[in-house]
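Take a look at the structure below.
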Amino acid sequence: MLIWIIFFAFFCILAYMWWEAHRNRVVHIELTFPQFPSSFRAFSIFFISDLHRRVLAKRIVEEIKGKADIVLVGGDLTEKGVPVARVKENIRRLKMIGPVYFIWGNNDYETEYDLHSLLVEEGVHILENSAVMLQSPNGEKLALIGVEDMSKRRARLDQALQGVDEDAFRILASHNPKIVGRLRPEHHISLVISGHTHGGQIRFFSFGLYEKGGLKNVNGTAVYVSNGYGTTAVPLRFGAPAETNLITICSRKEDKEKMLV
């Protein structure tokens, strides 16, 4: 009898871990910055990182449609062994939400096909140690800056910052959150968005290989690290459920409230 109880408990734990790994959550984050250009009012980014082998759920697409200004893929869109058709389907679903911007993750370099060409063919904007300038109707600017993966020693922050307007509000996208260690006050980065860590993926209480995803302040820079949408090694999670993120940025809380009226 005891053996059956242990077996049932083990099965329940595995089932729960599988459920956490395959959840379809959109975590909403609202951030205010005094220096954010007020003419943008509110700017929303649908952030998704670490898809790996998953297919983006259609219900997430329907939930986010019309709510995001851009889509930002935070690396590890795919990995070795993932068929190209699945990657195409994920890209096409993301394009239904808004213009798609992509930064490289460590697993993206593993594909047997030319991922770079595929992204270009699908109209994805690739940020390879580069930046794109987004401008409001009255000329105020927002810089979306992307660096390549740090673990592959490809990240070139100084290169990515070249040509970025001095007065632009700066958002840095890096697959690996360790990029924070390279930031300097003169870089004027207001927000860093990252993935890679999976929030530890399998955690026991407060213990995990990495910190659980979330928002923190590092030397005056806001840093958001997502738990990510997929998994690595095993398709299980515990204590760090899968997530996507809708990050809304404004200069004051009142700006967000106006947008909701």
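Ordering of the structure tokens sets the chain letters (A, B, ...), residue numbers begin anew at 1 in every chain, and ligands are numbered from 1 in the order given.
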
- [ ] Would you list, as number ranges by chain, the residues of segment 44-206 of chain A that end up in strand (DSSP E) under DSSP run on this structure's backbone?
- [x] A: 44-48, 70-73, 100-102, 125-126, 130-135, 141-146, 169-173, 191-194

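For segment 89-96 of chain A, the residues within 9 Å (counting only C-alpha atoms, excluding itself and residues fewer than 3 positions away along the chain) are Leu51, Arg54, Val55, Leu56, Ala57, Lys58, Val61, Glu62, Lys65, Val71, Leu77, Val84, Ala85, Arg86, Pro99, Val100, Leu119, Glu122, Gly123 and Val124 of chain A.
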
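If you count only C-alpha atoms and ignore residues fewer than 6 places along the chain from segment 28-42 of chain A, what sits within 9 Å of it is Gln135, Ser136, Pro137, Asn138, Gly139, Glu140, Lys141, Leu142, Ala168, Phe169, Ser190, Leu215, Ala222, Thr244, Asn245, Leu246, Ile247, Thr248, Ile249, Cys250, Ser251, Arg252, Lys253, Asp255, Lys256, Lys258 and Met259 of chain A.
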
Write the residues of the selection above to a file with N, CA, C and O atoms, as a CSV table (one decimal), in the first residue's frame.
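What landed in result.csv:
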chain,number,residue,atom,x,y,z
A,135,GLN,N,10.4,56.6,-33.1
A,135,GLN,CA,10.2,58.0,-32.9
A,135,GLN,C,8.7,58.3,-32.8
A,135,GLN,O,7.9,57.8,-33.5
A,136,SER,N,8.4,59.2,-31.9
A,136,SER,CA,7.0,59.6,-31.7
A,136,SER,C,6.7,60.7,-32.7
A,136,SER,O,7.6,61.2,-33.3
A,137,PRO,N,5.4,61.0,-32.9
A,137,PRO,CA,5.0,62.0,-33.9
A,137,PRO,C,5.7,63.4,-33.7
A,137,PRO,O,5.9,64.1,-34.7
A,138,ASN,N,6.0,63.8,-32.5
A,138,ASN,CA,6.7,65.1,-32.3
A,138,ASN,C,8.2,65.0,-32.2
A,138,ASN,O,8.9,65.9,-31.9
A,139,GLY,N,8.8,63.8,-32.6
A,139,GLY,CA,10.2,63.7,-32.7
A,139,GLY,C,11.0,63.1,-31.5
A,139,GLY,O,12.2,62.9,-31.6
A,140,GLU,N,10.3,62.8,-30.4
A,140,GLU,CA,11.0,62.2,-29.3
A,140,GLU,C,11.4,60.8,-29.7
A,140,GLU,O,10.6,60.1,-30.4
A,141,LYS,N,12.5,60.3,-29.1
A,141,LYS,CA,13.0,59.0,-29.6
A,141,LYS,C,13.2,58.0,-28.5
A,141,LYS,O,13.5,58.3,-27.3
A,142,LEU,N,13.0,56.7,-28.9
A,142,LEU,CA,13.2,55.5,-28.0
A,142,LEU,C,14.1,54.6,-28.8
A,142,LEU,O,13.9,54.3,-29.9
A,168,ALA,N,17.9,59.8,-26.5
A,168,ALA,CA,16.9,58.8,-26.6
A,168,ALA,C,16.7,58.0,-25.4
A,168,ALA,O,17.7,57.7,-24.6
A,169,PHE,N,15.5,57.6,-25.1
A,169,PHE,CA,15.2,56.6,-23.9
A,169,PHE,C,15.8,55.3,-24.4
A,169,PHE,O,15.4,54.8,-25.4
A,190,SER,N,18.1,52.7,-19.4
A,190,SER,CA,17.0,52.8,-18.4
A,190,SER,C,16.4,51.5,-18.0
A,190,SER,O,16.1,51.2,-16.9
A,215,LEU,N,11.5,41.6,-11.6
A,215,LEU,CA,12.1,42.9,-11.7
A,215,LEU,C,12.9,43.3,-10.6
A,215,LEU,O,12.6,43.0,-9.4
A,222,ALA,N,16.6,49.6,-14.2
A,222,ALA,CA,15.5,48.6,-14.1
A,222,ALA,C,15.9,47.3,-14.9
A,222,ALA,O,16.2,47.5,-16.1
A,244,THR,N,5.0,34.5,-20.6
A,244,THR,CA,5.4,35.6,-21.6
A,244,THR,C,5.1,36.9,-20.8
A,244,THR,O,4.5,36.8,-19.7
A,245,ASN,N,5.5,38.0,-21.4
A,245,ASN,CA,5.4,39.2,-20.7
A,245,ASN,C,4.8,40.4,-21.6
A,245,ASN,O,5.2,40.5,-22.7
A,246,LEU,N,4.0,41.2,-21.0
A,246,LEU,CA,3.5,42.4,-21.7
A,246,LEU,C,4.1,43.5,-20.8
A,246,LEU,O,3.6,43.8,-19.7
A,247,ILE,N,5.1,44.2,-21.3
A,247,ILE,CA,5.8,45.3,-20.5
A,247,ILE,C,5.3,46.6,-21.0
A,247,ILE,O,5.6,46.9,-22.2
A,248,THR,N,4.7,47.4,-20.2
A,248,THR,CA,4.2,48.7,-20.6
A,248,THR,C,5.0,49.8,-19.9
A,248,THR,O,5.1,49.7,-18.6
A,249,ILE,N,5.5,50.7,-20.6
A,249,ILE,CA,6.4,51.8,-20.1
A,249,ILE,C,5.7,53.1,-20.3
A,249,ILE,O,5.2,53.4,-21.4
A,250,CYS,N,5.7,54.0,-19.3
A,250,CYS,CA,5.2,55.3,-19.5
A,250,CYS,C,6.0,56.3,-18.6
A,250,CYS,O,6.8,55.8,-17.7
A,251,SER,N,5.8,57.6,-18.7
A,251,SER,CA,6.5,58.5,-17.9
A,251,SER,C,5.9,58.8,-16.6
A,251,SER,O,6.6,59.1,-15.6
A,252,ARG,N,4.6,58.6,-16.5
A,252,ARG,CA,3.9,58.8,-15.2
A,252,ARG,C,2.7,57.8,-15.2
A,252,ARG,O,2.2,57.4,-16.2
A,253,LYS,N,2.2,57.5,-14.0
A,253,LYS,CA,1.1,56.6,-13.9
A,253,LYS,C,-0.1,57.1,-14.6
A,253,LYS,O,-0.9,56.4,-15.2
A,255,ASP,N,-0.3,58.7,-17.4
A,255,ASP,CA,-0.2,58.4,-18.8
A,255,ASP,C,-0.9,57.0,-19.1
A,255,ASP,O,-1.6,56.9,-20.1
A,256,LYS,N,-0.6,56.0,-18.3
A,256,LYS,CA,-1.1,54.7,-18.5
A,256,LYS,C,-2.6,54.8,-18.3
A,256,LYS,O,-3.4,54.2,-19.1
A,258,LYS,N,-4.6,57.3,-18.8
A,258,LYS,CA,-5.2,57.9,-20.0
A,258,LYS,C,-5.4,56.9,-21.1
A,258,LYS,O,-6.4,57.0,-21.9
A,259,MET,N,-4.4,56.1,-21.3
A,259,MET,CA,-4.5,55.1,-22.4
A,259,MET,C,-5.6,54.1,-22.2
A,259,MET,O,-6.1,53.5,-23.2

Open item on the list: as a count of residues only, please: every residue in segment 26-179 of chain A that DSSP puts in alpha helix (DSSP H).
Closed with: 31

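Considering the residues A:His196, A:Ile171, A:Leu115, A:Glu166 and counting only C-alpha atoms, Ser151 of chain A has its shortest atom-to-atom contact with A:His196.
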
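Minimum atom-to-atom distances from A:Ile64, A:Ile202, A:Ala242, A:Val225 to Leu14 of chain A were compared using only C-alpha atoms, and the lowest value belongs to A:Ile202.
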
Open item on the list: Ranking A:Lys152, A:Lys88, A:Arg170, A:Arg203 by minimum distance to Tyr109 of chain A and counting only C-alpha atoms, which one comes first?
Closed with: A:Lys152

Open item on the list: Taking 3 positions as the minimum chain separation for residues in the same chain, which residues sit within 6 Å of Met17 of chain A when counting only C-alpha atoms? Answer as a PyMOL selection string.
Closed with: chain A and resi 14+20+236-238

Store the residues picked out above in a file with C-alpha atoms, as a short mmCIF file (atom, residue, chain, number, x, y, z; two decimals), in the first residue's frame.
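Generated output (out_0.cif):
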data_model
loop_
_atom_site.label_atom_id
_atom_site.label_comp_id
_atom_site.auth_asym_id
_atom_site.auth_seq_id
_atom_site.Cartn_x
_atom_site.Cartn_y
_atom_site.Cartn_z
CA LEU A 14 5.46 15.04 -12.25
CA GLU A 20 3.96 24.47 -14.90
CA LEU A 236 9.38 20.17 -16.59
CA ARG A 237 9.28 23.17 -14.25
CA PHE A 238 8.80 23.62 -10.55
#

TODO: Go ahead and compute the interatomic distance for atom CA of Ile126 of chain A and atom CA of Leu209 of chain A, in Å to one decimal.
DONE: 29.5 Å

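Close contacts of Asp158 of chain A, defined as residues with an atom at most 10 Å away when counting only C-alpha atoms, with chain neighbours fewer than 6 positions off set aside, comprise Asn129, Ser130, Val147, Arg182, Leu183 and His187 of chain A.
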
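Across the model, the gap from atom CA of Leu118 of chain A to atom CA of Gly230 of chain A is 20.8 Å.
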
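Taking atom CA of Arg23 of chain A as the reference point, atom CA of Met150 of chain A is found at 28.1 Å.
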
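Nearest to Trp18 of chain A of all the residues A:Leu127, A:Met133, A:Leu157, A:Ala240 is A:Ala240, based on only C-alpha atoms.
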
Task: Selected residue of minimal separation from Val223 of chain A among A:Ala160, A:Leu172, A:Val132, A:Val26, counting only C-alpha atoms - done: A:Leu172
